[in-house]
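K.L.:
Contents are compact mmCIF, C-alpha atoms; file name upload_28.txt:
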```
# COMPACT_ATOMS: atom_id res chain seq x y z
CA MET Q 913 -76.67 235.37 -68.57
CA SER Q 914 -73.59 237.56 -68.77
CA HIS Q 915 -72.28 235.61 -65.81
CA HIS Q 916 -72.46 232.41 -67.83
CA ASP Q 917 -70.89 234.08 -70.83
CA HIS Q 918 -68.08 235.21 -68.64
CA HIS Q 919 -67.54 231.58 -67.59
CA ASP Q 920 -67.37 230.50 -71.18
CA ASP Q 921 -64.81 233.17 -71.93
CA GLU Q 922 -62.85 232.13 -68.92
CA ARG Q 923 -62.65 228.60 -70.18
CA GLY Q 924 -61.74 230.01 -73.54
CA VAL Q 925 -62.30 226.74 -75.34
CA SER Q 926 -65.00 225.72 -77.71
CA ARG Q 927 -66.54 222.28 -77.40
CA ARG Q 928 -64.71 221.31 -80.57
CA LYS Q 929 -61.42 222.38 -79.07
CA VAL Q 930 -62.09 220.34 -75.94
CA LEU Q 931 -62.81 217.29 -78.02
CA GLU Q 932 -59.60 217.84 -79.97
CA CYS Q 933 -57.65 218.04 -76.75
CA MET Q 934 -59.22 214.83 -75.52
CA THR Q 935 -58.25 213.13 -78.72
CA TRP Q 936 -54.60 214.02 -78.68
CA ALA Q 937 -54.05 213.80 -74.96
CA GLY Q 938 -55.95 210.55 -74.75
CA THR Q 939 -56.65 210.87 -71.08
CA GLY Q 940 -59.63 211.58 -68.89
CA VAL Q 941 -61.44 214.77 -68.19
CA LEU Q 942 -62.24 216.23 -64.83
CA TRP Q 943 -65.88 217.06 -64.47
CA THR Q 944 -67.16 219.32 -61.82
CA ILE Q 945 -70.74 220.29 -61.45
CA THR Q 946 -71.91 223.72 -60.47
CA GLY Q 947 -75.56 224.54 -60.26
CA GLY Q 948 -76.48 221.26 -61.88
CA VAL Q 949 -74.47 221.87 -65.03
CA PRO Q 950 -71.51 219.62 -65.66
CA ARG Q 951 -68.42 221.58 -66.59
CA SER Q 952 -65.18 220.25 -67.96
CA LEU Q 953 -62.27 221.79 -66.12
CA GLY Q 954 -59.36 220.26 -67.93
CA LEU Q 955 -57.47 217.16 -68.69
CA VAL Q 956 -56.85 214.56 -66.09
CA ASP Q 957 -53.12 215.24 -65.90
CA ALA Q 958 -53.82 218.84 -65.00
CA ALA Q 959 -56.34 217.63 -62.45
CA ASN Q 960 -53.81 215.26 -60.93
CA ALA Q 961 -51.27 218.04 -60.70
CA ALA Q 962 -53.65 220.04 -58.53
CA GLU Q 963 -53.53 217.78 -55.50
CA PRO Q 964 -57.01 217.16 -54.13
CA ALA Q 965 -57.14 218.29 -50.54
CA GLY Q 966 -60.13 216.22 -49.42
CA LEU Q 967 -61.12 212.59 -49.60
CA SER Q 968 -60.36 210.79 -52.81
CA PHE Q 969 -61.31 207.26 -53.73
CA LEU Q 970 -61.44 205.12 -56.84
CA GLN Q 971 -64.10 203.19 -58.64
CA ILE Q 972 -63.40 200.17 -60.78
CA SER Q 973 -66.10 198.04 -62.30
CA ASP Q 974 -67.00 195.07 -64.44
CA SER Q 975 -63.65 193.32 -64.51
CA HIS Q 976 -65.33 190.10 -65.79
CA ILE Q 977 -62.35 187.90 -64.97
CA GLY Q 978 -62.75 184.72 -67.03
CA PHE Q 979 -64.13 186.52 -70.10
CA ASP Q 980 -62.13 185.43 -73.13
CA LYS Q 981 -64.31 186.24 -76.13
CA PRO Q 982 -63.28 188.33 -79.17
CA ALA Q 983 -64.30 191.65 -77.56
CA ASN Q 984 -61.30 191.15 -75.24
CA PRO Q 985 -59.57 187.77 -75.05
CA ASN Q 986 -57.53 188.92 -72.04
CA ALA Q 987 -59.74 190.52 -69.40
CA ALA Q 988 -57.14 189.73 -66.71
CA GLY Q 989 -54.54 191.67 -68.69
CA THR Q 990 -56.65 194.81 -68.94
CA LEU Q 991 -57.53 194.61 -65.22
CA GLU Q 992 -53.78 194.50 -64.52
CA GLU Q 993 -53.37 197.60 -66.67
CA ALA Q 994 -56.15 199.32 -64.73
CA ILE Q 995 -54.48 198.49 -61.42
CA ALA Q 996 -51.19 199.81 -62.80
CA LYS Q 997 -53.05 203.09 -63.52
CA VAL Q 998 -54.27 203.11 -59.94
CA ASN Q 999 -50.74 202.60 -58.64
CA ALA Q 1000 -49.49 205.46 -60.80
CA ILE Q 1001 -51.80 208.05 -59.20
CA PRO Q 1002 -49.53 210.50 -57.36
CA LYS Q 1003 -51.70 210.92 -54.28
CA LYS Q 1004 -52.73 207.54 -52.92
CA PRO Q 1005 -56.53 207.32 -52.82
CA SER Q 1006 -58.16 206.40 -49.51
CA PHE Q 1007 -59.78 203.24 -50.84
CA MET Q 1008 -61.42 201.66 -53.85
CA ILE Q 1009 -64.95 200.58 -54.62
CA HIS Q 1010 -65.73 197.82 -57.12
CA THR Q 1011 -69.23 198.04 -58.58
CA GLY Q 1012 -69.61 194.40 -59.48
CA ASP Q 1013 -69.15 191.75 -62.14
CA ILE Q 1014 -65.78 190.98 -60.65
CA THR Q 1015 -65.93 187.63 -62.45
CA HIS Q 1016 -67.60 186.49 -65.64
CA LEU Q 1017 -68.99 183.13 -64.48
CA SER Q 1018 -68.53 183.13 -60.66
CA LYS Q 1019 -65.91 180.38 -60.76
CA ALA Q 1020 -63.68 180.07 -57.70
CA ALA Q 1021 -60.57 180.46 -59.86
CA GLU Q 1022 -61.99 183.64 -61.40
CA PHE Q 1023 -62.54 185.17 -57.95
CA ASP Q 1024 -59.02 184.11 -56.95
CA ASN Q 1025 -57.46 185.64 -60.06
CA ALA Q 1026 -59.39 188.89 -59.61
CA GLU Q 1027 -58.28 189.11 -55.98
CA LYS Q 1028 -54.65 188.48 -56.97
CA ILE Q 1029 -54.69 191.39 -59.41
CA ILE Q 1030 -56.84 193.88 -57.47
CA SER Q 1031 -54.87 193.36 -54.24
CA GLN Q 1032 -51.80 194.74 -56.03
CA ALA Q 1033 -53.32 198.19 -55.56
CA LYS Q 1034 -52.81 197.71 -51.81
CA LEU Q 1035 -56.05 199.54 -51.07
CA ASP Q 1036 -59.12 198.59 -49.09
CA VAL Q 1037 -61.77 197.56 -51.60
CA HIS Q 1038 -65.49 197.84 -50.94
CA TYR Q 1039 -67.42 195.54 -53.25
CA VAL Q 1040 -70.98 195.19 -54.39
CA PRO Q 1041 -71.96 192.18 -56.52
CA GLY Q 1042 -72.97 192.13 -60.17
CA GLU Q 1043 -75.22 189.45 -61.65
CA HIS Q 1044 -72.11 187.66 -62.93
CA ASP Q 1045 -70.89 187.18 -59.33
CA PHE Q 1046 -73.87 185.07 -58.25
CA LEU Q 1047 -73.74 182.32 -60.89
CA ASP Q 1048 -72.23 179.49 -58.84
CA GLU Q 1049 -74.61 176.72 -57.85
CA GLU Q 1050 -74.74 177.58 -54.14
CA ILE Q 1051 -74.21 181.33 -54.63
CA LYS Q 1052 -71.54 181.34 -51.95
CA PHE Q 1053 -68.24 182.29 -53.57
CA TYR Q 1054 -68.99 186.02 -53.53
CA LYS Q 1055 -70.54 185.96 -50.07
CA ASP Q 1056 -67.66 183.92 -48.61
CA ARG Q 1057 -65.16 186.47 -49.89
CA TYR Q 1058 -66.93 189.81 -49.65
CA GLY Q 1059 -70.11 189.26 -47.68
CA LYS Q 1060 -68.70 189.58 -44.16
CA GLY Q 1061 -70.48 192.24 -42.15
CA THR Q 1062 -73.08 192.79 -44.86
CA ARG Q 1063 -76.82 192.17 -44.86
CA GLY Q 1064 -79.09 190.32 -47.26
CA ALA Q 1065 -77.28 189.56 -50.50
CA GLY Q 1066 -74.44 191.91 -49.51
CA TYR Q 1067 -75.57 195.48 -48.81
CA TYR Q 1068 -73.93 197.69 -46.19
CA SER Q 1069 -72.88 201.23 -45.34
CA PHE Q 1070 -69.80 202.89 -43.89
CA ASP Q 1071 -68.40 206.36 -43.24
CA ALA Q 1072 -65.14 207.80 -44.53
CA GLY Q 1073 -63.78 211.34 -44.61
CA GLY Q 1074 -67.11 212.85 -43.59
CA VAL Q 1075 -68.97 211.07 -46.39
CA HIS Q 1076 -71.58 208.36 -45.86
CA PHE Q 1077 -71.18 205.44 -48.27
CA VAL Q 1078 -73.95 202.96 -49.05
CA GLY Q 1079 -73.32 199.78 -51.10
CA LEU Q 1080 -76.54 198.30 -52.50
CA VAL Q 1081 -77.37 195.03 -54.27
CA ASN Q 1082 -79.78 195.23 -57.21
CA VAL Q 1083 -78.95 191.99 -59.04
CA VAL Q 1084 -80.99 189.38 -57.14
CA ASP Q 1085 -84.64 188.27 -57.34
CA LEU Q 1086 -85.04 189.87 -60.73
CA LYS Q 1087 -88.59 189.60 -62.06
CA ALA Q 1088 -89.52 188.52 -65.58
CA GLY Q 1089 -89.82 191.52 -67.84
CA GLY Q 1090 -88.34 193.80 -65.18
CA LEU Q 1091 -85.14 195.67 -64.43
CA GLY Q 1092 -82.66 195.61 -61.56
CA ASN Q 1093 -84.26 195.06 -58.17
CA LEU Q 1094 -83.51 196.21 -54.62
CA GLY Q 1095 -86.46 194.60 -52.85
CA ALA Q 1096 -88.55 195.65 -49.85
CA GLU Q 1097 -86.16 194.38 -47.19
CA GLN Q 1098 -83.16 196.29 -48.52
CA LEU Q 1099 -85.23 199.45 -49.06
CA GLU Q 1100 -86.43 199.31 -45.47
CA TRP Q 1101 -82.86 198.92 -44.28
CA LEU Q 1102 -81.81 201.89 -46.43
CA GLU Q 1103 -84.56 204.08 -45.04
CA ASN Q 1104 -83.40 203.28 -41.49
CA ASP Q 1105 -79.75 203.68 -42.40
CA LEU Q 1106 -80.34 207.22 -43.65
CA LYS Q 1107 -82.85 208.24 -41.00
CA GLY Q 1108 -81.51 210.70 -38.48
CA ARG Q 1109 -78.40 211.54 -40.47
CA SER Q 1110 -77.59 215.19 -40.94
CA LYS Q 1111 -78.83 216.32 -44.34
CA SER Q 1112 -75.52 218.07 -44.85
CA THR Q 1113 -73.69 214.73 -44.87
CA PRO Q 1114 -72.62 213.96 -48.42
CA VAL Q 1115 -73.90 210.54 -49.43
CA VAL Q 1116 -72.37 208.22 -52.01
CA VAL Q 1117 -74.54 205.29 -53.10
CA PHE Q 1118 -73.02 202.57 -55.22
CA ALA Q 1119 -74.57 199.52 -56.84
CA HIS Q 1120 -73.99 197.44 -59.96
CA ILE Q 1121 -76.95 198.20 -62.23
CA PRO Q 1122 -77.73 201.90 -62.71
CA LEU Q 1123 -80.21 203.06 -60.08
CA TRP Q 1124 -81.79 205.40 -62.59
CA THR Q 1125 -83.42 204.30 -65.82
CA VAL Q 1126 -80.80 204.52 -68.54
CA TYR Q 1127 -82.44 202.30 -71.16
CA PRO Q 1128 -85.22 199.94 -70.07
CA GLU Q 1129 -85.29 198.19 -73.45
CA TRP Q 1130 -81.93 196.69 -72.47
CA GLY Q 1131 -82.75 196.31 -68.81
CA TRP Q 1132 -80.49 199.22 -67.86
CA GLY Q 1133 -82.23 200.55 -64.82
CA THR Q 1134 -83.58 199.54 -61.41
CA GLU Q 1135 -87.27 198.77 -60.95
CA ASP Q 1136 -87.51 200.23 -57.44
CA GLY Q 1137 -84.56 202.63 -57.73
CA ALA Q 1138 -86.89 205.61 -57.41
CA ARG Q 1139 -87.87 204.48 -53.92
CA ALA Q 1140 -84.22 204.47 -52.85
CA LEU Q 1141 -83.84 207.99 -54.26
CA GLU Q 1142 -86.92 209.04 -52.32
CA TYR Q 1143 -85.04 208.35 -49.07
CA LEU Q 1144 -82.11 210.42 -50.33
CA LYS Q 1145 -84.24 213.50 -50.90
CA GLY Q 1146 -83.23 216.38 -48.74
CA PHE Q 1147 -79.57 215.45 -48.58
CA GLY Q 1148 -77.46 218.29 -49.94
CA SER Q 1149 -75.09 216.12 -51.92
CA VAL Q 1150 -75.87 212.68 -53.30
CA THR Q 1151 -73.64 210.82 -55.74
CA VAL Q 1152 -74.79 207.54 -57.29
CA LEU Q 1153 -72.06 205.38 -58.81
CA ASN Q 1154 -72.87 202.35 -60.95
CA GLY Q 1155 -71.35 199.96 -63.48
CA HIS Q 1156 -73.05 197.28 -65.61
CA ILE Q 1157 -73.35 199.29 -68.83
CA HIS Q 1158 -69.58 199.43 -69.51
CA GLN Q 1159 -69.48 203.07 -70.56
CA VAL Q 1160 -69.39 206.49 -68.97
CA MET Q 1161 -72.75 208.12 -68.58
CA GLN Q 1162 -73.67 210.99 -66.32
CA LYS Q 1163 -76.85 212.70 -65.31
CA VAL Q 1164 -77.61 215.37 -62.75
CA GLU Q 1165 -81.05 215.65 -61.21
CA GLY Q 1166 -81.47 218.17 -58.42
CA ASN Q 1167 -78.90 217.33 -55.78
CA VAL Q 1168 -78.19 213.90 -57.20
CA THR Q 1169 -75.35 213.16 -59.59
CA PHE Q 1170 -75.57 209.81 -61.36
CA HIS Q 1171 -72.45 208.39 -62.91
CA THR Q 1172 -71.53 205.06 -64.48
CA ALA Q 1173 -67.96 203.82 -64.82
CA ARG Q 1174 -66.22 202.09 -67.68
CA SER Q 1175 -65.49 198.38 -67.48
CA THR Q 1176 -61.92 197.13 -67.28
CA ALA Q 1177 -62.85 194.19 -69.54
CA PHE Q 1178 -64.92 195.08 -72.61
CA PRO Q 1179 -67.08 197.92 -73.92
CA GLN Q 1180 -70.81 197.74 -74.62
CA PRO Q 1181 -72.69 199.72 -77.25
CA ALA Q 1182 -74.37 203.01 -76.45
CA PRO Q 1183 -78.10 202.55 -75.78
CA GLY Q 1184 -80.03 201.74 -78.91
CA THR Q 1185 -77.03 201.80 -81.24
CA ALA Q 1186 -76.92 198.00 -81.63
CA PRO Q 1187 -79.49 195.20 -81.72
CA SER Q 1188 -78.65 194.35 -78.10
CA PRO Q 1189 -76.29 195.06 -75.22
CA GLY Q 1190 -73.33 192.74 -74.74
CA PRO Q 1191 -69.62 192.68 -75.50
CA MET Q 1192 -68.79 195.06 -78.35
CA LYS Q 1193 -65.87 194.13 -80.57
CA VAL Q 1194 -63.87 197.17 -81.61
CA GLU Q 1195 -60.53 197.49 -83.37
CA ASP Q 1196 -57.70 196.38 -81.08
CA ALA Q 1197 -56.21 199.87 -81.20
CA ARG Q 1198 -59.43 201.37 -79.84
CA LEU Q 1199 -60.18 198.90 -77.05
CA ARG Q 1200 -58.16 200.59 -74.30
CA SER Q 1201 -59.77 203.95 -74.97
CA LEU Q 1202 -63.10 202.38 -73.99
CA LEU Q 1203 -61.90 200.67 -70.81
CA GLY Q 1204 -60.82 202.45 -67.66
CA ILE Q 1205 -61.23 203.56 -64.08
CA ALA Q 1206 -62.81 206.50 -62.29
CA SER Q 1207 -61.49 208.55 -59.40
CA VAL Q 1208 -63.71 210.62 -57.19
CA ASN Q 1209 -62.58 213.60 -55.15
CA PHE Q 1210 -64.50 215.19 -52.36
CA LYS Q 1211 -63.44 218.47 -50.82
CA GLN Q 1212 -65.01 219.50 -47.55
CA GLY Q 1213 -67.39 222.35 -48.29
CA ASP Q 1214 -67.90 221.45 -51.92
CA GLN Q 1215 -71.38 220.28 -52.68
CA ARG Q 1216 -70.37 218.14 -55.63
CA LEU Q 1217 -67.87 215.38 -55.88
CA ALA Q 1218 -65.48 215.69 -58.79
CA ILE Q 1219 -65.37 212.53 -60.88
CA ILE Q 1220 -62.47 211.85 -63.21
CA ASP Q 1221 -62.78 209.07 -65.76
CA THR Q 1222 -59.49 207.78 -67.03
CA PRO Q 1223 -59.31 205.34 -69.92
CA LEU Q 1224 -56.54 202.74 -69.98
CA ALA Q 1225 -55.14 204.44 -73.09
CA GLY Q 1226 -56.12 206.96 -75.72
CA MET N 395 -104.88 126.26 -90.57
CA THR N 396 -108.20 126.82 -92.30
CA PHE N 397 -108.89 129.73 -94.52
CA ALA N 398 -111.32 131.18 -91.94
CA ALA N 399 -108.81 130.94 -89.13
CA SER N 400 -106.13 132.51 -91.22
CA ARG N 401 -108.51 135.29 -92.18
CA SER N 402 -109.49 136.02 -88.57
CA LEU N 403 -105.81 136.07 -87.57
CA GLY N 404 -105.23 138.59 -90.29
CA LEU N 405 -108.03 140.75 -88.92
CA ALA N 406 -106.66 140.41 -85.42
CA VAL N 407 -103.24 141.58 -86.59
CA ALA N 408 -104.83 144.47 -88.45
CA ALA N 409 -106.84 145.37 -85.34
CA ALA N 410 -103.75 145.21 -83.15
CA PHE N 411 -101.95 147.37 -85.67
CA LEU N 412 -104.71 149.96 -85.59
CA LEU N 413 -104.96 149.76 -81.81
CA HIS N 414 -101.26 150.37 -81.50
CA PHE N 415 -101.41 153.48 -83.61
CA GLY N 416 -104.56 154.66 -81.92
CA THR N 417 -103.16 154.80 -78.38
CA ALA N 418 -99.48 155.61 -78.82
CA PRO N 419 -98.72 159.34 -78.69
CA VAL N 420 -97.71 161.07 -81.85
CA GLN N 421 -93.94 160.94 -82.16
CA ALA N 422 -92.57 163.46 -79.60
CA GLU N 423 -90.91 166.40 -81.25
CA GLU N 424 -87.60 168.08 -80.52
CA LEU N 425 -87.85 171.86 -80.85
CA LYS N 426 -85.20 174.52 -80.66
CA VAL N 427 -85.03 178.03 -79.24
CA THR N 428 -81.90 180.05 -79.92
CA ILE N 429 -80.58 182.99 -77.95
CA ASP N 430 -79.01 185.68 -80.10
CA ASN N 431 -78.59 189.34 -79.18
CA PHE N 432 -80.37 188.91 -75.84
CA THR N 433 -83.47 187.57 -77.58
CA PHE N 434 -85.25 184.20 -77.46
CA SER N 435 -86.13 183.07 -80.95
CA PRO N 436 -88.84 182.12 -81.59
CA ALA N 437 -90.24 184.14 -78.72
CA GLU N 438 -93.28 181.88 -78.58
CA LEU N 439 -93.52 178.17 -79.32
CA LYS N 440 -96.62 175.95 -79.47
CA LEU N 441 -96.05 172.27 -78.80
CA LYS N 442 -97.62 169.03 -77.57
CA VAL N 443 -97.24 167.24 -74.27
CA GLY N 444 -94.12 165.10 -74.46
CA ASP N 445 -92.20 167.46 -76.72
CA THR N 446 -88.73 168.64 -75.75
CA VAL N 447 -87.33 172.12 -76.19
CA THR N 448 -83.59 172.79 -76.35
CA TRP N 449 -82.30 176.31 -75.79
CA THR N 450 -78.88 177.25 -77.19
CA ASN N 451 -77.03 180.41 -76.18
CA HIS N 452 -75.17 182.02 -79.07
CA ASP N 453 -74.28 185.23 -77.21
CA ASP N 454 -70.87 186.05 -75.74
CA ILE N 455 -72.64 186.62 -72.42
CA PRO N 456 -74.14 183.91 -70.21
CA HIS N 457 -77.91 183.55 -69.99
CA THR N 458 -80.39 181.40 -68.11
CA VAL N 459 -83.86 180.06 -68.84
CA VAL N 460 -86.22 180.20 -65.87
CA SER N 461 -89.95 179.52 -65.60
CA ALA N 462 -91.00 180.16 -62.01
CA GLY N 463 -91.70 176.87 -60.27
CA LYS N 464 -91.49 174.91 -63.52
CA PHE N 465 -87.92 174.76 -64.79
CA ARG N 466 -84.63 176.51 -64.22
CA SER N 467 -81.49 176.05 -66.28
CA LYS N 468 -77.97 176.35 -65.02
CA THR N 469 -76.06 179.34 -66.33
CA MET N 470 -75.47 178.77 -70.04
CA ASP N 471 -72.21 180.17 -71.31
CA THR N 472 -71.63 180.65 -75.02
CA ASP N 473 -72.89 177.66 -77.05
CA ASN N 474 -74.18 175.85 -73.95
CA THR N 475 -77.62 174.25 -74.16
CA PHE N 476 -80.50 173.43 -71.82
CA SER N 477 -83.30 170.96 -72.61
CA PHE N 478 -86.66 170.47 -70.97
CA THR N 479 -89.41 167.96 -71.78
CA PHE N 480 -92.91 169.28 -71.23
CA THR N 481 -95.05 166.59 -69.56
CA SER N 482 -98.13 168.65 -68.85
CA ALA N 483 -100.23 171.14 -70.76
CA GLY N 484 -100.21 174.81 -69.96
CA ASP N 485 -98.59 178.17 -70.68
CA TYR N 486 -94.98 178.40 -69.57
CA LYS N 487 -93.79 181.98 -69.40
CA TYR N 488 -90.04 182.08 -68.98
CA PHE N 489 -87.19 184.62 -68.78
CA CYS N 490 -83.46 185.02 -68.30
CA SER N 491 -82.83 185.57 -64.59
CA LEU N 492 -79.71 187.61 -65.41
CA HIS N 493 -81.36 189.82 -68.01
CA PRO N 494 -85.02 189.82 -67.06
CA HIS N 495 -86.06 191.93 -70.04
CA MET N 496 -85.49 188.72 -72.05
CA THR N 497 -88.78 186.81 -71.99
CA GLY N 498 -90.35 183.94 -73.91
CA MET N 499 -93.39 181.69 -73.91
CA ILE N 500 -93.98 177.96 -74.44
CA LYS N 501 -97.61 176.94 -74.96
CA VAL N 502 -98.16 173.22 -74.41
CA GLU N 503 -101.39 171.55 -75.59
```
Represent the structure contained in this file as structure tokens.

P.N.:
Amino acid sequence: MSHHDHHDDERGVSRRKVLECMTWAGTGVLWTITGGVPRSLGLVDAANAAEPAGLSFLQISDSHIGFDKPANPNAAGTLEEAIAKVNAIPKKPSFMIHTGDITHLSKAAEFDNAEKIISQAKLDVHYVPGEHDFLDEEIKFYKDRYGKGTRGAGYYSFDAGGVHFVGLVNVVDLKAGGLGNLGAEQLEWLENDLKGRSKSTPVVVFAHIPLWTVYPEWGWGTEDGARALEYLKGFGSVTVLNGHIHQVMQKVEGNVTFHTARSTAFPQPAPGTAPSPGPMKVEDARLRSLLGIASVNFKQGDQRLAIIDTPLAG
Amino acid sequence: MTFAASRSLGLAVAAAFLLHFGTAPVQAEELKVTIDNFTFSPAELKLKVGDTVTWTNHDDIPHTVVSAGKFRSKTMDTDNTFSFTFTSAGDYKYFCSLHPHMTGMIKVE
């Protein structure tokens, strides 16, 4: 216990103080997790100053290009701001992942506009689809653009910087009354994909809808997500990155860290705080504090990946 | 025309009148289901064969209306509608294929 107390002293800040700092600095907080307990290390600017030595990549999510309702009449504008944030990061990240809902209504022009803006980051982007990306009649616009080299509705894996990345699709064949869905075929592929890999390989799994059950009343979870996690048991470091709920939420369970990213388009209410999910209208001055990007740093030897959430503005 | 003939014609007209009303279906009804806050309202509707239901999406998020093997709407953006005429009796369970926790029921007699 004294060990923990010592840590608290070392940080020398009360929770209230931390919150105050967040308010005035208006930037993100670096979270690191030791022994399953998330710990705030400091403000994002301080984190950026300490150059990460290992792999770093970015997550953006839910850009909803084409959305023009009161919650944010200019979703393209806020995506541009997010990409400007990306370009301002001192150490260029290795690549970017986009966890879906690139567009709002899967129109060709929406995909084109998204591509125009996101490509300004000049980074490789690994996509997984959201339910808003499969709305065109023939369900081909997403697949034509981002489906090359993927299986099924667009799942795949790749390796980078000693980390194994798995992009999953949990937005197709949804069943009445149910949640997100991976399906038997994808689960079988995942089992084979992970089989035989060294358990010391850090694994990052990313998909649109949270793989863990955040709030089933609003459909925020994945029906067969637990089966996917079953295959990830035994790996020393597993990080699950999702979008869909348009807010930061984190949970640590054993060796698995779950994290959801903000949207670049519009916020959604916290679970149960509104009659339903959906675009949440906030004061204009507050909007950019609820939108943002996430950067993820992985240092060889560290069990946990450090995730920094950065809002577009305070 | 004799009185009797005129009388029988009158009966014939009356019979035809009755016959017409006896076989024609009751005026088909137009019913509405609205979508607000990710909820179908009313969640359950009872109607007769021949009735038409129109769904209207009032949310700022697109929704669909899907009843497996029976009907499937296109994606409905804000204020878009979808109509379906029920031509056979039965229970039609339906849901939004984007937000499957949204479910509804149409019972057709």

K.L.:
If we count only C-alpha atoms and set the cut-off at 6 Å, which residues sit around Asp1045 (chain Q), ignoring sequence neighbours fewer than 6 positions away in its own chain? Please answer as an mmCIF file with C-alpha atoms, in the frame of the given file.

P.N.:
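The result, written out as selection-v2.cif:
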```cif
data_model
loop_
_atom_site.group_PDB
_atom_site.id
_atom_site.type_symbol
_atom_site.label_atom_id
_atom_site.label_comp_id
_atom_site.auth_asym_id
_atom_site.auth_seq_id
_atom_site.Cartn_x
_atom_site.Cartn_y
_atom_site.Cartn_z
ATOM 1 C CA ASP Q 1013 -69.150 191.750 -62.140
ATOM 2 C CA THR Q 1015 -65.930 187.630 -62.450
ATOM 3 C CA SER Q 1018 -68.530 183.130 -60.660
#
```

K.L.:
Please report as a list in words which residues of chain N come no farther than 7 Å from chain Q, using all atoms listed in the file.

P.N.:
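Close to chain Q, chain N has Asn431, Phe432, Asp454, Ile455, Thr469, Phe489, Ser491, Leu492, His493, Pro494, His495, Met496 and Thr497 of chain N.
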
K.L.:
May I have the residues within 9 Å of Val1075 (chain Q) as a PyMOL selection string, using only C-alpha atoms and disregarding those fewer than 6 positions away in the same chain?

P.N.:
chain Q and resi 967+1113-1116+1210

K.L.:
To one decimal in Å, tell me the separation between CA of Thr1176 (chain Q) and CA of Ile972 (chain Q).

P.N.:
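Separating CA of Thr1176 (chain Q) from CA of Ile972 (chain Q) is a distance of 7.3 Å.
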
K.L.:
Pick from Q:Thr1185, Q:Asp1105, Q:Ile1219, Q:Ala1119: nearest to Met1161 (chain Q), with all atoms listed in the file counted?

P.N.:
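Smallest separation from Met1161 (chain Q) among the options: Q:Ile1219.
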
K.L.:
In Å, how far is it from CA of Lys468 (chain N) to CA of Gly444 (chain N)?

P.N.:
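These two atoms are separated by 21.8 Å.
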
K.L.:
Quick one: pull the distance between CA of Leu425 (chain N) and CA of Asp445 (chain N), Å, one decimal.

P.N.:
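Answer for the CA of Leu425 (chain N) to CA of Asp445 (chain N) separation: 7.4 Å.
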
K.L.:
Could you check the closest approach to Phe434 (chain N) for each of N:Ser461, N:Phe480, N:His452, N:Lys501 and tell me which residue wins, using only C-alpha atoms?

P.N.:
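Of N:Ser461, N:Phe480, N:His452, N:Lys501, the one nearest Phe434 (chain N) is N:His452, counting only C-alpha atoms.
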
K.L.:
Rank nothing, just name the residue among N:Ile429, N:Asp473, N:Phe465, N:Thr458 nearest to Lys487 (chain N), using all atoms listed in the file.

P.N.:
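Checking each of N:Ile429, N:Asp473, N:Phe465, N:Thr458 against Lys487 (chain N), counting all atoms listed in the file, the winner is N:Phe465.
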
K.L.:
Find, counting only C-alpha atoms, the residue in N:Thr428, N:Cys490, N:Asp485, N:Thr450 that gets nearest to Asp471 (chain N).

P.N.:
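The answer is N:Thr450, which sits nearest to Asp471 (chain N).
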
K.L.:
Show which residues sit within 12 Å of Leu1106 (chain Q), as number ranges by chain. Count all atoms listed in the file, and ignore same-chain residues fewer than 2 positions away.

P.N.:
Q: 1068-1071, 1076-1078, 1099-1104, 1108-1117, 1140-1147, 1150

K.L.:
Can you list, as a ChimeraX atom specification, every protein, DNA or RNA residue that comes within 9 Å of region 1033-1039 of chain Q when you count all atoms listed in the file, leaving out same-chain residues fewer than 2 positions away?

P.N.:
/Q:995-996,998-999,1004-1012,1014,1029-1031,1041,1058-1059,1066,1079,1119

K.L.:
Pick from N:Thr448, N:Arg466, N:Thr475, N:Gly498: nearest to Thr433 (chain N), with only C-alpha atoms counted?

P.N.:
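Smallest separation from Thr433 (chain N) among the options: N:Gly498.
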
K.L.:
Report, as lines of an AutoDock Vina configuration file, the centre and edge lengths in Å (one decimal) of the axis-aligned box enclosing every listed atom of region 462-477 of chain N, padded by 4 Å on each side.

P.N.:
```
center_x = -81.7
center_y = 175.8
center_z = -68.7
size_x = 28.1
size_y = 17.7
size_z = 24.8
```

K.L.:
Identify, on the basis of all atoms listed in the file, every residue whose closest approach to Asp1136 (chain Q) does not exceed 10 Å; exclude the query and any residue fewer than 6 positions from it along the same chain; express the result as a PyMOL selection string.

P.N.:
chain Q and resi 1082+1091-1096+1099+1123-1124
